2 protein chains.
Amino acid sequence: MRYKAGLETRDRILESTRTQIAELGLEGTTIKTICDDAGVLPGSFYNLFDSKEQAILTAVRVAIDAVDPDPDHAGTDTLDDLINAYIRFVDEQGDLARVYIRIAVAAGRSSPELRGRVLRHHEGRVKRFSDALLRERPELGQEEADNRAEALVSALNGVTLHRTIDTDFDVGHFAHILKRVATA
Amino acid sequence: MRYKAGLETRDRILESTRTQIAELGLEGTTIKTICDDAGVLPGSFYNLFDSKEQAILTAVRVAIDAVDPDPDHAGTDTLDDLINAYIRFVDEQGDLARVYIRIAVAAGRSSPELRGRVLRHHEGRVKRFSDALLRERPELGQEEADNRAEALVSALNGVTLHRTIDTDFDVGHFAHILKRVATA
DNA sequence: ATACTATTTGAGTATCTACTCTAATTTGAG
DNA sequence: CTCAAATTAGAGTAGATACTCAAATAGTAT
């Protein structure tokens, strides 16, 4: 994958993967539907991705990065930024959020590699929450901030989990209750 | 299903379903492995259950009920009871907890019937948490108690979610932090 | 232009799975 | 004892899916 054509095809496949998941859910999304939608044949798909799983993981990652309030990790994001980005992702990309949770759950039972990947992603997120919290409330100290960040991120995931079942559930409302609690 | 033989077979299938999930995960659990383990043929399985899904849902439900601190719903359970039961379930039946979460997530995309079932179960749980909280802190009022219960249950699910990935994660520790917050 | 890679083609495969169906057998109420 | 209903047997089916492979084609650095 070095030629322009390959990169374009790759983008098209990722975009199709994302829309297929949104339209058909994870179950309904197959190599065939992705390839049809992207106007590509399976051979090309497997020239660019090792597996279906890899393509899906990548598509989800791209979508999450797209709402990142501080893409360069300069340390300029506030706790509100992070929470708002989280809410936006869940609201605007509900089906991808569902898939993200599913991947996370399934990861516990899968290859150490995937589990490691998911875990690192989670830890990175907790760290950013913790850093932002510490910037806001320096007197808490590292350990307490870490603890609260861990609890906050987990609770946000729980709220998201519930939102995937009950689409009327007001994620923003509860997210901000949780934020108030974390900074108390 | 009215004869003794049928009921015994049903129990054996549910028990096998539970152990197969614990040993092989949801992916690894097939009609074949369940039937082999239970010493039953597919014909018998489908005489007693409508589908694989139904058997799994039932097995999970049975396991959850088994740790219920107030099985008769007499309204005698405290918030601590409920939280401890939750922790026990997650600790002792980690793989079933994972499946419970998976079912909940998948439910958002499945039949209205399943979604309704999962939603009712969630609401019933929130109500019990809310009632227990109100017994402990009557001055909160119904609405505030409902709100806090909803947030608490969602947060607990989030903690469970994380625990399914990181088995070192101390569910009890964070559960009690959340409890302290909910009753504050 | 050449030569070397990257990309695409597209039919094909191997494997797995939930579930069905009919006939035979067993159960237990009256 | 009788007989309808429940249970079991167990081979079989239909359908889906992720992925492969060898050959043809297109892209690009020099």
# chains A, B, ... in the order shown; residues from 1 in each chain; ligands from 1

$ interface_residues --of "chain A" --to "chain D" --cutoff "8 Å" --atoms "only C-alpha atoms (C1' of nucleotides)" --output "PyMOL selection string"
chain A and resi 3+30-31+52

$ interface_residues --of "chain B" --to "chain A" --cutoff "7 Å" --atoms "only C-alpha atoms" --output "list in words"
Gly25, Arg98, Arg102, Ala104, Val105, Ala107, Gly108, Arg109, Arg115, Ala151, Ser154, Ala155, Leu156, Asn157, Gly158, Val159, Leu161, His162, Thr164, Ile165 and Phe174 of chain B

$ interface_residues --of "chain A" --to "chain C" --cutoff "12 Å" --atoms "only C-alpha atoms (C1' of nucleotides)" --output "short mmCIF file (atom, residue, chain, number, x, y, z; two decimals) with C-alpha atoms, in the first residue's frame"
data_model
loop_
_atom_site.label_atom_id
_atom_site.label_comp_id
_atom_site.auth_asym_id
_atom_site.auth_seq_id
_atom_site.Cartn_x
_atom_site.Cartn_y
_atom_site.Cartn_z
CA MET A 1 0.00 0.00 0.00
CA ARG A 2 2.03 2.90 -1.25
CA TYR A 3 0.42 4.07 -4.48
CA LYS A 4 -2.22 6.71 -4.48
CA ALA A 5 -4.82 4.28 -5.81
CA GLY A 6 -4.29 1.98 -2.85
CA LEU A 7 -4.66 4.76 -0.33
CA GLU A 8 -7.87 5.93 -1.95
CA THR A 9 -9.27 2.43 -1.95
CA ARG A 10 -8.31 2.09 1.67
CA GLY A 39 -16.98 -0.94 -5.24
CA VAL A 40 -14.14 -3.29 -4.51
CA LEU A 41 -13.61 -7.03 -4.67
CA PRO A 42 -12.57 -9.21 -1.73
CA GLY A 43 -9.10 -9.62 -3.14
CA SER A 44 -8.50 -5.89 -2.93
CA PHE A 45 -9.91 -5.77 0.56
CA TYR A 46 -7.46 -8.39 1.72
CA ASN A 47 -4.65 -6.69 -0.07
CA LEU A 48 -5.18 -3.69 2.19
#

$ residues_around --residues "Asp68 (chain B)" --least-positions-apart "5" --cutoff "12 Å" --atoms "only C-alpha atoms (C1' of nucleotides)" --output "list in words"
Arg61, Val62, Ala63, His73, Ala74, Gly75, Thr76, Asp77, Thr78, Asp81, Leu82, Ile83, Asn84, Ala85, Tyr86, Ile87, Arg88, Phe89, Arg125 and Arg128 of chain B

$ residues_around --residues "Thr19 (chain B)" --least-positions-apart "5" --cutoff "10 Å" --atoms "only C-alpha atoms (C1' of nucleotides)" --output "PyMOL selection string"
chain B and resi 13-14+24-25+29+34+37+59+93+95-96

$ closest_residue --among "B:Lys127, B:Ala55, B:Ser111, B:Gly28" --to "Arg12 (chain B)" --atoms "only C-alpha atoms"
B:Ala55

$ select_by_dssp --residues "chain A" --states "alpha helix (DSSP H)" --output "PyMOL selection string"
chain A and resi 4-28+31-38+42-48+52-66+79-92+94-107+112-136+142-165+171-182

$ atom_distance --atom1 "CA of Leu79 (chain B)" --atom2 "CA of Pro138 (chain B)"
13.1 Å
